[in-house]
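A.B. asks: Next up, input_39.cif (mmCIF, C-alpha atoms).
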data_data
loop_
_atom_site.label_atom_id
_atom_site.label_comp_id
_atom_site.auth_asym_id
_atom_site.auth_seq_id
_atom_site.Cartn_x
_atom_site.Cartn_y
_atom_site.Cartn_z
CA MET F 1 -46.34 -168.44 67.35
CA TYR F 2 -42.82 -167.17 67.10
CA GLN F 3 -43.06 -163.94 65.20
CA GLN F 4 -40.13 -161.63 65.92
CA GLN F 5 -39.63 -163.09 69.32
CA LYS F 6 -36.88 -161.26 71.17
CA PRO F 7 -35.92 -163.05 74.35
CA GLN F 8 -33.42 -161.14 76.41
CA GLN F 9 -32.53 -163.55 79.17
CA PRO F 10 -28.75 -163.67 79.18
CA GLN F 11 -28.46 -167.44 79.38
CA GLN F 12 -30.39 -167.97 76.18
CA PRO F 13 -28.60 -168.45 72.87
CA GLN F 14 -30.01 -166.29 70.12
CA THR F 15 -29.70 -166.60 66.37
CA GLN F 16 -29.04 -163.67 64.08
CA HIS F 17 -32.63 -163.55 62.90
CA GLY F 18 -34.01 -162.95 66.35
CA LEU F 19 -35.13 -166.45 67.15
CA VAL F 20 -33.67 -168.52 69.90
CA ALA F 21 -31.41 -171.26 68.70
CA GLY F 22 -31.31 -174.82 69.88
CA VAL F 23 -27.74 -175.72 69.02
CA THR F 24 -24.26 -174.46 69.57
CA GLN F 25 -21.34 -175.59 67.50
CA SER F 26 -17.64 -175.26 68.13
CA ASN F 27 -16.36 -176.27 64.72
CA ALA F 28 -17.35 -178.30 61.71
CA THR F 29 -15.91 -181.60 62.81
CA ASP F 30 -16.84 -181.48 66.48
CA SER F 31 -19.95 -183.18 67.63
CA ILE F 32 -22.97 -180.96 67.72
CA VAL F 33 -24.14 -180.09 71.18
CA ALA F 34 -27.82 -179.40 71.51
CA THR F 35 -28.71 -176.80 74.11
CA ASN F 36 -32.38 -177.30 74.72
CA VAL F 37 -34.58 -174.24 74.53
CA TYR F 38 -38.16 -174.41 75.71
CA GLU F 39 -41.13 -172.23 74.96
CA CYS F 40 -43.27 -171.57 78.04
CA SER F 41 -46.72 -170.24 77.28
CA LEU F 42 -50.19 -169.43 78.54
CA HIS F 43 -53.24 -169.18 76.28
CA GLY F 44 -56.57 -167.46 76.32
CA ILE F 45 -59.46 -166.30 74.18
CA LEU F 46 -60.28 -162.61 74.15
CA SER F 47 -64.00 -162.25 74.65
CA THR F 48 -63.96 -158.68 75.97
CA PRO F 49 -63.63 -155.64 73.64
CA SER F 50 -60.18 -155.72 72.07
CA SER F 51 -59.63 -151.94 72.32
CA THR F 52 -59.51 -152.06 76.15
CA PHE F 53 -57.25 -155.08 76.11
CA ILE F 54 -54.89 -153.46 73.60
CA GLN F 55 -54.62 -150.37 75.78
CA ARG F 56 -53.65 -152.53 78.74
CA ALA F 57 -51.17 -154.53 76.64
CA LYS F 58 -49.56 -151.37 75.31
CA GLY F 59 -49.23 -150.03 78.81
CA MET F 60 -47.49 -153.18 80.02
CA MET F 61 -45.23 -153.85 77.06
CA ARG F 62 -42.40 -151.94 75.46
CA SER F 63 -42.93 -152.55 71.77
CA GLU F 64 -45.67 -153.42 69.34
CA HIS F 65 -45.34 -155.14 65.95
CA PRO F 66 -47.97 -156.22 63.48
CA VAL F 67 -47.76 -159.91 62.62
CA SER F 68 -48.99 -161.43 59.41
CA TYR F 69 -47.83 -164.73 58.03
CA LYS F 70 -48.91 -168.08 56.69
CA GLU F 71 -48.10 -171.11 58.77
CA MET F 72 -47.93 -174.65 57.45
CA ILE F 73 -47.70 -177.64 59.76
CA TYR F 74 -45.87 -180.72 58.56
CA LYS F 75 -45.96 -184.11 60.19
CA SER F 76 -43.72 -187.05 59.62
CA THR F 77 -44.98 -190.14 57.89
CA VAL F 78 -42.12 -192.02 59.55
CA GLN F 79 -43.40 -193.78 62.66
CA THR F 80 -41.34 -193.10 65.77
CA GLN F 81 -42.15 -193.89 69.35
CA GLY F 82 -43.61 -191.05 71.40
CA PRO F 83 -44.61 -190.84 75.08
CA SER F 84 -47.25 -193.41 76.05
CA TRP F 85 -49.57 -190.80 77.55
CA ALA F 86 -49.62 -189.03 74.19
CA GLU F 87 -51.31 -191.89 72.39
CA ASN F 88 -54.65 -190.96 70.81
CA SER F 89 -54.04 -187.26 71.31
CA ILE F 90 -52.88 -184.63 68.87
CA LEU F 91 -49.36 -184.63 70.08
CA PRO F 92 -46.88 -185.68 67.43
CA SER F 93 -43.76 -183.60 67.03
CA GLU F 94 -44.41 -181.05 64.36
CA ILE F 95 -42.42 -178.92 62.00
CA HIS F 96 -44.01 -175.53 61.55
CA ILE F 97 -43.08 -173.47 58.52
CA ARG F 98 -43.81 -169.79 58.69
CA TYR F 99 -43.79 -167.99 55.37
CA GLU F 100 -43.53 -164.29 55.86
CA LYS F 101 -42.45 -161.55 53.46
CA ASN F 102 -40.59 -164.03 51.24
CA ASN F 103 -38.67 -165.37 54.23
CA LEU F 104 -39.06 -168.93 55.37
CA TYR F 105 -38.70 -169.85 59.03
CA VAL F 106 -38.79 -173.41 60.26
CA ARG F 107 -39.64 -174.34 63.81
CA TYR F 108 -39.57 -177.77 65.37
CA ILE F 109 -42.10 -178.00 68.20
CA GLY F 110 -41.81 -180.96 70.50
CA VAL F 111 -44.59 -182.54 72.50
CA PRO F 112 -45.61 -180.59 75.63
CA GLN F 113 -43.68 -181.57 78.74
CA ILE F 114 -45.55 -183.26 81.58
CA LYS F 115 -44.99 -180.74 84.39
CA ASP F 116 -48.11 -180.77 86.54
CA ASN F 117 -46.48 -178.59 89.19
CA ILE F 118 -45.57 -175.88 86.69
CA ASN F 119 -48.39 -173.64 85.60
CA ALA F 120 -47.44 -173.12 81.97
CA MET F 121 -47.27 -175.18 78.82
CA ILE F 122 -43.67 -176.12 78.10
CA ARG F 123 -42.50 -177.31 74.73
CA ASN F 124 -39.06 -177.84 73.27
CA VAL F 125 -38.47 -175.63 70.22
CA VAL F 126 -35.72 -175.30 67.62
CA ASP F 127 -35.71 -172.49 65.07
CA VAL F 128 -34.10 -172.54 61.67
CA ARG F 129 -34.10 -170.10 58.80
CA SER F 130 -34.12 -171.57 55.32
CA SER F 131 -35.19 -171.04 51.71
CA GLU F 132 -38.14 -172.15 49.59
CA THR F 133 -36.34 -175.31 48.49
CA PHE F 134 -36.85 -176.51 52.05
CA PHE F 135 -40.33 -177.68 51.01
CA ILE F 136 -38.78 -180.13 48.54
CA TYR F 137 -36.36 -181.30 51.20
CA LEU F 138 -39.22 -181.87 53.66
CA ASP F 139 -41.04 -183.89 51.02
CA ASN F 140 -37.88 -185.94 50.47
CA LEU F 141 -37.65 -186.52 54.21
CA GLY F 142 -41.13 -188.02 54.22
CA TYR F 143 -42.99 -185.13 55.83
CA VAL F 144 -46.46 -184.24 54.63
CA LYS F 145 -48.42 -181.05 55.09
CA ASP F 146 -51.11 -181.61 57.70
CA TYR F 147 -52.85 -178.24 57.78
CA GLU F 148 -52.22 -174.56 57.24
CA TYR F 149 -53.65 -171.22 58.23
CA PHE F 150 -52.99 -167.50 58.11
CA VAL F 151 -52.18 -165.54 61.24
CA ASP F 152 -52.86 -161.82 61.54
CA GLY F 153 -52.57 -159.63 64.58
CA TYR F 154 -50.13 -157.91 66.88
CA GLN F 155 -47.18 -158.85 69.00
CA TYR F 156 -46.34 -156.89 72.15
CA SER F 157 -42.94 -157.44 73.72
CA THR F 158 -41.13 -156.50 76.85
CA TYR F 159 -37.77 -157.88 77.96
CA ASN F 160 -38.00 -161.63 77.39
CA LEU F 161 -41.77 -161.82 77.19
CA SER F 162 -44.05 -161.70 74.16
CA LEU F 163 -47.79 -161.27 74.05
CA PHE F 164 -49.62 -162.19 70.85
CA LEU F 165 -53.10 -161.06 69.97
CA VAL F 166 -54.00 -162.83 66.76
CA ASN F 167 -56.74 -164.15 64.56
CA HIS F 168 -56.46 -167.27 62.47
CA ARG F 169 -57.84 -167.44 58.97
CA ARG F 170 -58.65 -170.37 56.77
CA VAL F 171 -56.50 -170.93 53.65
CA LEU F 172 -58.56 -171.12 50.49
CA PRO F 173 -57.75 -173.71 47.78
CA ASP F 174 -55.98 -171.03 45.72
CA GLY F 175 -53.72 -170.21 48.69
CA THR F 176 -55.33 -166.89 49.58
CA LYS F 177 -56.87 -165.82 52.86
CA GLY F 178 -60.31 -167.09 53.72
CA ASP F 179 -62.71 -166.61 56.61
CA ILE F 180 -61.68 -166.04 60.20
CA LEU F 181 -61.76 -169.37 62.03
CA ASN F 182 -62.96 -167.94 65.33
CA LYS F 183 -64.71 -164.64 65.90
CA HIS F 184 -62.70 -164.12 69.08
CA SER F 185 -58.99 -163.33 69.00
CA MET F 186 -56.49 -165.71 70.55
CA VAL F 187 -54.07 -164.41 73.16
CA GLU F 188 -50.77 -166.14 73.83
CA LEU F 189 -48.25 -165.03 76.41
CA GLN F 190 -44.88 -166.70 76.04
CA CYS F 191 -41.24 -166.63 76.96
CA LEU F 192 -38.28 -168.91 76.38
CA SER F 193 -36.39 -170.83 78.97
CA GLY F 194 -33.52 -173.24 79.42
CA GLU F 195 -34.01 -176.59 81.11
CA GLU F 196 -33.43 -175.11 84.55
CA GLY F 197 -35.78 -172.16 84.29
CA PHE F 198 -39.28 -173.62 83.98
CA VAL F 199 -40.48 -172.60 87.42
CA ALA F 200 -39.18 -169.04 87.14
CA ALA F 201 -40.59 -168.70 83.62
CA ALA F 202 -44.01 -169.97 84.68
CA GLU F 203 -44.10 -167.57 87.64
CA TYR F 204 -43.07 -164.75 85.37
CA LEU F 205 -45.81 -165.55 82.87
CA ASN F 206 -48.47 -165.88 85.55
CA THR F 207 -47.49 -162.55 87.09
CA TYR F 208 -48.09 -160.85 83.76
CA ALA F 209 -51.25 -162.90 83.23
CA GLU F 210 -52.65 -161.50 86.49
CA TYR F 211 -52.22 -157.98 85.18
CA LEU F 212 -54.19 -158.91 82.07
CA TYR F 213 -57.08 -160.31 84.07
CA PRO F 214 -60.06 -159.79 83.74
CA PHE F 215 -59.63 -158.64 80.14
CA VAL F 216 -58.47 -162.13 79.30
CA GLU F 217 -57.97 -165.24 81.40
CA LEU F 218 -54.73 -166.91 80.44
CA ILE F 219 -54.42 -170.57 81.36
CA LYS F 220 -52.10 -173.49 80.93
CA PHE F 221 -53.55 -175.43 78.05
CA ASP F 222 -53.28 -179.13 78.76
CA HIS F 223 -53.16 -181.21 75.59
CA ARG F 224 -53.87 -184.38 77.53
CA ASN F 225 -57.50 -183.27 77.70
CA LEU F 226 -57.71 -183.56 73.93
CA THR F 227 -58.86 -186.95 72.79
CA LEU F 228 -58.58 -188.24 69.26
CA ASP F 229 -62.20 -187.31 68.59
CA ASN F 230 -61.62 -183.73 69.59
CA ALA F 231 -58.46 -183.68 67.56
CA GLN F 232 -60.26 -184.85 64.50
CA ILE F 233 -62.93 -182.22 65.04
CA ASN F 234 -60.27 -179.54 65.32
CA ASN F 235 -58.44 -180.79 62.29
CA ASN F 236 -61.60 -180.78 60.23
CA TYR F 237 -62.31 -177.32 61.51
CA ASN F 238 -58.88 -176.07 60.51
CA ARG F 239 -58.82 -177.56 57.06
CA MET E 1 -17.43 -166.70 45.92
CA GLY E 2 -15.30 -168.14 43.14
CA TYR E 3 -15.72 -171.33 41.17
CA LYS E 4 -14.38 -174.50 42.76
CA CYS E 5 -13.03 -177.75 41.49
CA ILE E 6 -12.71 -180.70 43.85
CA PHE E 7 -10.76 -183.84 43.14
CA LEU E 8 -9.04 -186.79 44.74
CA TYR E 9 -5.23 -186.69 44.79
CA LYS E 10 -3.68 -190.13 44.49
CA GLY E 11 -0.28 -189.15 45.92
CA LEU E 12 0.86 -188.22 49.39
CA LEU E 13 -0.10 -185.11 51.34
CA PRO E 14 3.46 -183.75 51.76
CA GLU E 15 3.97 -184.00 47.98
CA ILE E 16 1.04 -181.78 47.09
CA SER E 17 1.84 -179.40 49.98
CA LYS E 18 5.41 -178.93 48.75
CA ARG E 19 4.15 -178.50 45.22
CA ILE E 20 1.82 -175.67 46.26
CA GLU E 21 4.49 -173.99 48.37
CA PHE E 22 6.99 -174.32 45.50
CA LEU E 23 4.53 -172.45 43.28
CA GLY E 24 4.42 -169.63 45.84
CA GLY E 25 1.39 -170.70 47.82
CA VAL E 26 1.11 -169.23 51.29
CA LYS E 27 -0.47 -171.33 54.01
CA VAL E 28 -3.17 -169.23 55.66
CA SER E 29 -4.86 -171.87 57.77
CA SER E 30 -4.10 -175.31 59.16
CA THR E 31 -7.59 -175.98 60.47
CA TRP E 32 -9.73 -175.99 57.34
CA SER E 33 -12.36 -178.67 57.75
CA ILE E 34 -15.45 -180.19 56.23
CA SER E 35 -17.74 -182.84 57.59
CA CYS E 36 -20.15 -184.88 55.48
CA SER E 37 -22.66 -187.20 57.17
CA LEU E 38 -25.02 -189.69 55.60
CA TYR E 39 -28.44 -189.86 57.26
CA LEU E 40 -30.75 -192.82 56.75
CA GLU E 41 -34.44 -193.05 57.46
CA ARG E 42 -35.43 -195.26 60.38
CA VAL E 43 -37.66 -197.89 58.86
CA PRO E 44 -39.56 -200.40 60.99
CA ASP E 45 -37.73 -203.66 61.70
CA GLY E 46 -38.32 -206.30 59.07
CA SER E 47 -39.62 -203.77 56.60
CA ASN E 48 -38.72 -204.15 52.93
CA LEU E 49 -38.86 -200.41 52.39
CA ASN E 50 -35.77 -198.74 51.03
CA PRO E 51 -34.82 -196.08 53.58
CA ARG E 52 -34.65 -192.54 52.31
CA ASP E 53 -31.32 -190.82 52.74
CA PHE E 54 -29.58 -187.50 52.48
CA TYR E 55 -26.16 -186.02 53.08
CA LEU E 56 -25.52 -183.20 55.53
CA LEU E 57 -22.42 -181.06 55.06
CA LEU E 58 -20.81 -178.72 57.55
CA PHE E 59 -18.16 -176.27 56.34
CA ASP E 60 -15.97 -174.64 58.98
CA GLU E 61 -15.98 -171.46 56.90
CA LYS E 62 -19.78 -171.31 57.28
CA PRO E 63 -20.09 -171.94 61.02
CA LYS E 64 -23.78 -171.08 61.25
CA LYS E 65 -24.96 -172.97 58.20
CA CYS E 66 -25.38 -176.52 57.05
CA PHE E 67 -26.06 -177.90 53.58
CA VAL E 68 -28.37 -180.80 52.93
CA VAL E 69 -28.13 -182.79 49.72
CA SER E 70 -31.19 -184.98 49.23
CA ARG E 71 -32.62 -186.84 46.26
CA ASP E 72 -33.30 -183.92 43.98
CA THR E 73 -32.63 -180.80 45.98
CA ILE E 74 -29.91 -179.07 47.93
CA VAL E 75 -30.87 -176.80 50.80
CA GLU E 76 -28.94 -174.32 52.89
CA THR E 77 -30.30 -173.94 56.41
CA ASP E 78 -29.16 -172.84 59.81
CA ARG E 79 -27.05 -175.42 61.61
CA GLU E 80 -29.81 -175.97 64.16
CA MET E 81 -31.37 -178.21 61.51
CA VAL E 82 -29.12 -180.96 62.84
CA SER E 83 -30.82 -180.64 66.21
CA ILE E 84 -34.25 -180.94 64.58
CA LEU E 85 -33.19 -184.13 62.84
CA GLU E 86 -32.03 -185.57 66.14
CA LYS E 87 -35.21 -184.59 67.94
CA THR E 88 -37.65 -185.88 65.34
CA ASN E 89 -35.87 -189.21 65.62
CA SER E 90 -36.95 -190.21 62.14
CA TYR E 91 -33.44 -190.31 60.69
CA ARG E 92 -30.19 -191.63 62.08
CA LYS E 93 -26.66 -190.67 61.22
CA ARG E 94 -25.09 -193.60 59.46
CA GLN E 95 -21.60 -192.52 58.52
CA THR E 96 -19.47 -189.40 58.73
CA THR E 97 -16.57 -188.44 56.53
CA ASP E 98 -14.26 -185.71 57.80
CA ILE E 99 -11.66 -183.69 55.97
CA LEU E 100 -9.29 -181.65 58.10
CA GLY E 101 -6.46 -179.90 56.35
CA SER E 102 -4.74 -176.72 55.23
CA LYS E 103 -5.66 -173.72 53.16
CA TYR E 104 -3.23 -171.95 50.81
CA GLU E 105 -3.50 -168.70 48.89
CA LEU E 106 -1.80 -168.57 45.53
CA GLY E 107 -2.55 -165.47 43.46
CA ASP E 108 -6.16 -165.69 42.27
CA PHE E 109 -6.49 -169.20 43.61
CA ILE E 110 -7.28 -170.65 47.00
CA ILE E 111 -6.23 -174.24 47.45
CA ARG E 112 -7.49 -176.43 50.26
CA ILE E 113 -6.02 -179.86 50.88
CA GLY E 114 -6.60 -182.50 53.49
CA PRO E 115 -6.92 -186.21 54.14
CA ILE E 116 -10.38 -187.75 53.81
CA VAL E 117 -11.11 -189.73 56.95
CA ALA E 118 -14.01 -192.18 57.13
CA ARG E 119 -14.39 -194.75 59.91
CA THR E 120 -10.98 -193.66 61.26
CA GLU E 121 -9.30 -194.66 58.00
CA VAL E 122 -7.69 -192.27 55.54
CA ARG E 123 -9.39 -192.82 52.18
CA GLY E 124 -7.37 -190.37 50.11
CA ILE E 125 -6.25 -186.77 49.81
CA LEU E 126 -8.83 -184.20 48.82
CA VAL E 127 -7.84 -181.10 46.86
CA GLU E 128 -10.16 -178.15 46.39
CA VAL E 129 -9.04 -175.38 44.04
CA GLU E 130 -11.05 -172.15 43.98
CA TYR E 131 -10.59 -169.47 41.35
CA ILE E 132 -11.69 -166.30 43.09
CA ALA E 133 -11.11 -163.76 40.30
CA CYS E 134 -14.38 -164.84 38.67
CA SER E 135 -16.55 -163.74 41.55
CA SER E 136 -17.30 -160.43 39.81
CA PRO E 137 -20.96 -160.25 38.84
CA VAL E 138 -20.10 -159.54 35.18
CA THR E 139 -18.33 -162.87 34.75
CA SER E 140 -20.09 -166.18 35.19
CA PRO E 141 -17.98 -168.48 37.36
CA PHE E 142 -18.96 -171.34 35.06
CA ASN E 143 -16.92 -169.72 32.27
CA CYS E 144 -13.63 -170.21 34.07
CA THR E 145 -13.56 -174.02 33.98
CA LYS E 146 -10.93 -174.03 31.21
CA LEU E 147 -8.63 -171.69 33.11
CA LEU E 148 -9.07 -173.75 36.24
CA SER E 149 -8.35 -176.92 34.31
CA GLU E 150 -5.11 -175.49 32.93
CA PHE E 151 -3.99 -174.34 36.36
CA ILE E 152 -4.70 -177.68 37.99
CA ASN E 153 -3.40 -179.99 35.28
CA TYR E 154 -0.25 -178.00 34.44
CA ASN E 155 0.75 -176.79 37.89
CA LEU E 156 -0.48 -179.37 40.38
CA GLY E 157 -0.08 -182.37 38.05
CA PRO E 158 0.81 -184.36 36.18
CA PHE E 159 -2.13 -186.65 36.82
CA PRO E 160 -2.79 -190.06 35.28
CA GLU E 161 -5.97 -188.62 33.80
CA PRO E 162 -6.76 -184.91 33.32
CA ILE E 163 -8.81 -183.45 36.18
CA GLN E 164 -12.29 -182.49 35.03
CA THR E 165 -13.34 -179.02 36.15
CA SER E 166 -16.82 -178.85 34.67
CA TYR E 167 -19.75 -180.46 36.44
CA ASP E 168 -23.23 -181.52 35.45
CA PHE E 169 -25.67 -179.97 37.91
CA SER E 170 -28.77 -180.89 35.89
CA ALA E 171 -29.88 -183.48 38.46
CA TYR E 172 -30.65 -180.58 40.78
CA PRO E 173 -32.96 -178.25 38.85
CA THR E 174 -33.49 -176.01 41.88
CA LEU E 175 -29.86 -174.87 41.86
CA SER E 176 -29.43 -171.27 40.80
CA LYS E 177 -27.39 -170.22 37.77
CA THR E 178 -25.01 -168.42 40.09
CA TYR E 179 -22.32 -170.66 41.52
CA SER E 180 -22.79 -171.01 45.26
CA ASP E 181 -22.06 -173.20 48.27
CA LEU E 182 -24.98 -175.37 47.16
CA HIS E 183 -23.02 -176.30 44.03
CA THR E 184 -19.95 -176.97 46.17
CA SER E 185 -22.01 -179.26 48.40
CA TYR E 186 -23.08 -181.28 45.38
CA GLN E 187 -19.45 -181.54 44.23
CA TYR E 188 -18.36 -182.84 47.63
CA VAL E 189 -21.14 -185.39 47.91
CA ASN E 190 -20.49 -186.54 44.37
CA LEU E 191 -16.82 -187.09 45.11
CA LEU E 192 -17.25 -188.64 48.55
CA LYS E 193 -19.83 -191.12 47.21
CA THR E 194 -17.15 -192.55 44.93
CA ILE E 195 -14.76 -193.37 47.75
CA GLN E 196 -17.17 -194.74 50.37
#
The structure in this file should be written as C-alpha cells.

C.D. replies:
Amino acid sequence: MYQQQKPQQPQQPQTQHGLVAGVTQSNATDSIVATNVYECSLHGILSTPSSTFIQRAKGMMRSEHPVSYKEMIYKSTVQTQGPSWAENSILPSEIHIRYEKNNLYVRYIGVPQIKDNINAMIRNVVDVRSSETFFIYLDNLGYVKDYEYFVDGYQYSTYNLSLFLVNHRRVLPDGTKGDILNKHSMVELQCLSGEEGFVAAAEYLNTYAEYLYPFVELIKFDHRNLTLDNAQINNNYNR
Amino acid sequence: MGYKCIFLYKGLLPEISKRIEFLGGVKVSSTWSISCSLYLERVPDGSNLNPRDFYLLLFDEKPKKCFVVSRDTIVETDREMVSILEKTNSYRKRQTTDILGSKYELGDFIIRIGPIVARTEVRGILVEVEYIACSSPVTSPFNCTKLLSEFINYNLGPFPEPIQTSYDFSAYPTLSKTYSDLHTSYQYVNLLKTIQ
C-alpha cells in the first residue's frame, strides 16, 4: 500500500506526487543513478473492535486520509533469475498499478530482503506516475495481469510513518466492487528507508507497534513461510 | 508547446549555426540534449523468439520525465521508470544515441541543432525547428506544417530534397489530437531508426 505516503526523513528523495522516488538524474545524457529506497513494514489483522483501534491511531498520528483505489498486480512473462530461496514461493518482482481518481500510479515492488536480524519486512520500491496508456505499454513489455482487488480504508500518518487500516474487496467481472475478502481489516505500519537505515526503521516501526498492542499485533511477515501450495490457495482466493 | 519538425542536416554544424545566426537567431543554450536508448527483451539463450523492443527517450528540458515508444503506443512516465526496467531485469539497454547541441530563438521559432552520436561516432547533424506561435488553443499545431515548411526550406536550405514537415501518426492510435511531447518522441525515434 502506498496511498499518499508522506515520508519526511531528510535523506529520502521525494517525487512531486508525494511518493518516494528511486532515481536521481543529473541531466539527460548522464547515466542514471539509482538511489535505492526500501519500504519497511509490519502487518497485522485487526480482530478487536475497530472503533477503539481508530481512537488509538488518531491519538498517535497527525493526519487521517480515506483511501480508496483499485490495485492491479502485473507479473512478467519474461523469465529472469531470482534468489534461490525464493523458488516455489510467491516472490516474483511485481509491478503494482494503483488506479485512483483517474490517476495512475505504478510501483515496482522487489522481493523481500533476507534480514533475519531486522524485525520488519524490507522491500525495494520504485514509484512512477503515468497515464492510462501505460497498460498498453506493460502489455507490450510482456507483463500480464495476475490479480486485482479494491482497497478501502484509512491512512494515518505522522512524520515519516504511515498506518493503514484497510479492507480488500474482490473485483467482479464487470470491474465493480465485490465482496470483502476478509471480515477483519488489515493493518499495515510502514515507513521508507535508504540502504543504511533498516535497523533504525525497524526499531521505529516496532516502537509504534508496541503502542498499538493489544488492539492489534503487528509482526514481520515472512514470505519464506509461504509455499507454492499456500500461494496457489491465496491466488485462488484473491481471484 | 508548438509544433516541431525534425530532420537530418547533411552539411556541417558550423554551416547551419552561422545560417541561423545570420537570420538573427540568438543562442540561448549550449547544453540542449536528448538521449534515445533501444531496449531489447532478454530472451533465453538459444531461443528462436524475436525479442520485444522499445525506445526510451530522455529530454533535458523535461528532467523528471521519460518517453517510451513501444510497438503501438507512446507513454510518458516519471524518469524512475528507467530504474524499474533495470530492477526487473527483463530488458537490457542495447544502444544509446545522444544528441548534445545548441538552442536558438528566432522570432516565433526555436531551433535546436546538434550532432547525433551513436557508439561514439557522429552519424549526422540533427535539426529541430519548433513553431511556437501555434501553441494557442484556438489554433491546431497541425495546421502550421506549411508555414514551417516554408521557413525551413527557404531560410535554412536549400536542401537536395524539400524537408517534409507533416507526419503520419496513425500507427499510434492512442496519441491525442493535441500535439505533445509524445508526438515529438515518435518523430525522434522515426528519424533515429533511419540512421542506425

A.B. asks: Taking the file as shown, what set of residues would the PyMOL selection byres ((chain E) within 6 of (chain F)) give back, as a list in words?

C.D. replies: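 With the PyMOL selection byres ((chain E) within 6 of (chain F)) on this model, the match is Ser35, Leu58, Phe59, Asp60, Thr77, Asp78 and Glu80 of chain E.
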
A.B. asks: Mind giving me the straight-line distance from CA of Leu165 in chain F to CA of Ile219 in chain F in Å, one decimal?

C.D. replies: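 Value for the CA of Leu165 in chain F-CA of Ile219 in chain F distance: 14.9 Å.
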
A.B. asks: Can you pull out the residues contacting Leu12 in chain E? Cut-off 10 Å, using all atoms listed in the file, and skip same-chain residues under 6 positions away; I want them as JSON, numbers by chain.

C.D. replies: {"E": [115, 124, 125]}

A.B. asks: When you count all atoms listed in the file, which of these residues is closest to Cys40 in chain F: F:Phe53, F:Tyr213, F:Phe198, F:Phe221?

C.D. replies: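 Checking each candidate against Cys40 in chain F, we get F:Phe198 as the closest.
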
A.B. asks: What residues come out when you apply the PyMOL selection byres ((chain E and resi 92) around 7) to this file, written as a list in words?

C.D. replies: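 So the PyMOL selection byres ((chain E and resi 92) around 7) ends up selecting Tyr39, Leu40, Glu41, Arg42, Ser90, Tyr91, Lys93 and Arg94 of chain E.
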
A.B. asks: Find the residue from E:Cys144, E:Ile163, E:Ala171, E:Ile20 that sits nearest to Ile6 in chain E; use all atoms listed in the file when measuring.

C.D. replies: E:Ile163

A.B. asks: Of the candidates E:Glu130, E:Leu57, E:Tyr3, E:Lys103, which one gets nearest to Thr178 in chain E if we count all atoms listed in the file?

C.D. replies: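 Looking at the shortest contact to Thr178 in chain E, the residue is E:Tyr3.
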
A.B. asks: Using CA of Ile180 in chain F and CA of Gly153 in chain F as the two end points, give the distance in Å to one decimal.

C.D. replies: 12.0 Å

A.B. asks: Go through E:Leu148, E:Leu126, E:Ala118, E:Ala133 and flag the residue nearest Phe7 in chain E, using all atoms listed in the file for the distances.

C.D. replies: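 Answer, going by the shortest atom-to-atom distance: E:Leu126.
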
A.B. asks: What is the distance, in Å and to one decimal place, between CA of Gly114 in chain E and CA of Thr145 in chain E?

C.D. replies: 22.4 Å

A.B. asks: Given the choices F:Val216, F:Ala57, F:Cys191, F:Val67, which gets closest to Asn160 in chain F if the distance is worked out from only C-alpha atoms?

C.D. replies: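 Looking only at the distances to Asn160 in chain F, the closest residue turns out to be F:Cys191.
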
A.B. asks: Might you spell out which residues the PyMOL selection byres ((chain E and resi 164) around 12) would select in the displayed file, as a PyMOL selection string?

C.D. replies: chain E and resi 4-8+129+145-153+159+161-163+165-168+187+191

A.B. asks: Residues within 9 Å of (-55.6, -164.6, 81.5), file coordinates, counting all atoms listed in the file: what are they? Give the list as an MDAnalysis selection string.

C.D. replies: chainID F and resid 42:46 187 189 206 208:219

A.B. asks: With a distance cut-off of 10 Å and only C-alpha atoms, select the neighbouring residues of Val151 in chain F, excluding the residue or stretch itself and same-chain residues fewer than 4 positions from it, and output the selection as an MDAnalysis selection string.

C.D. replies: chainID F and resid 1 67:71 98 165:170 177 180

A.B. asks: From the options F:Gln190, F:Asn117, F:Asn103, F:Ser51, which residue's atoms come nearest to Phe164 in chain F, counting all atoms listed in the file?

C.D. replies: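 Among the listed residues, the smallest separation from Phe164 in chain F belongs to F:Gln190.
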
A.B. asks: For Lys58 in chain F, please output as a PyMOL selection string all residues within 12 Å (counting all atoms listed in the file; exclusion window: fewer than 3 positions along the same chain).

C.D. replies: chain F and resi 50-55+61-65+154-158+162-165+212

A.B. asks: Can you fill out range 142-150 of chain E with N, CA and C atoms and hand it back as a compact mmCIF listing (two decimals), in the frame of the given file?

C.D. replies:
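The file below, part.txt, is the result:
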# COMPACT_ATOMS: atom_id res chain seq x y z
N PHE E 142 -18.99 -170.11 35.86
CA PHE E 142 -18.96 -171.34 35.06
C PHE E 142 -18.09 -171.19 33.81
N ASN E 143 -17.75 -169.94 33.46
CA ASN E 143 -16.92 -169.72 32.27
C ASN E 143 -15.44 -169.96 32.54
N CYS E 144 -15.06 -170.13 33.77
CA CYS E 144 -13.63 -170.21 34.07
C CYS E 144 -13.16 -171.65 34.24
N THR E 145 -13.95 -172.61 33.79
CA THR E 145 -13.56 -174.02 33.98
C THR E 145 -12.28 -174.35 33.21
N LYS E 146 -12.11 -173.73 32.03
CA LYS E 146 -10.93 -174.03 31.21
C LYS E 146 -9.67 -173.51 31.90
N LEU E 147 -9.78 -172.28 32.41
CA LEU E 147 -8.63 -171.69 33.11
C LEU E 147 -8.26 -172.52 34.34
N LEU E 148 -9.30 -172.94 35.05
CA LEU E 148 -9.07 -173.75 36.24
C LEU E 148 -8.43 -175.09 35.87
N SER E 149 -8.90 -175.65 34.78
CA SER E 149 -8.35 -176.92 34.31
C SER E 149 -6.87 -176.79 33.97
N GLU E 150 -6.52 -175.70 33.28
CA GLU E 150 -5.11 -175.49 32.93
C GLU E 150 -4.26 -175.33 34.18
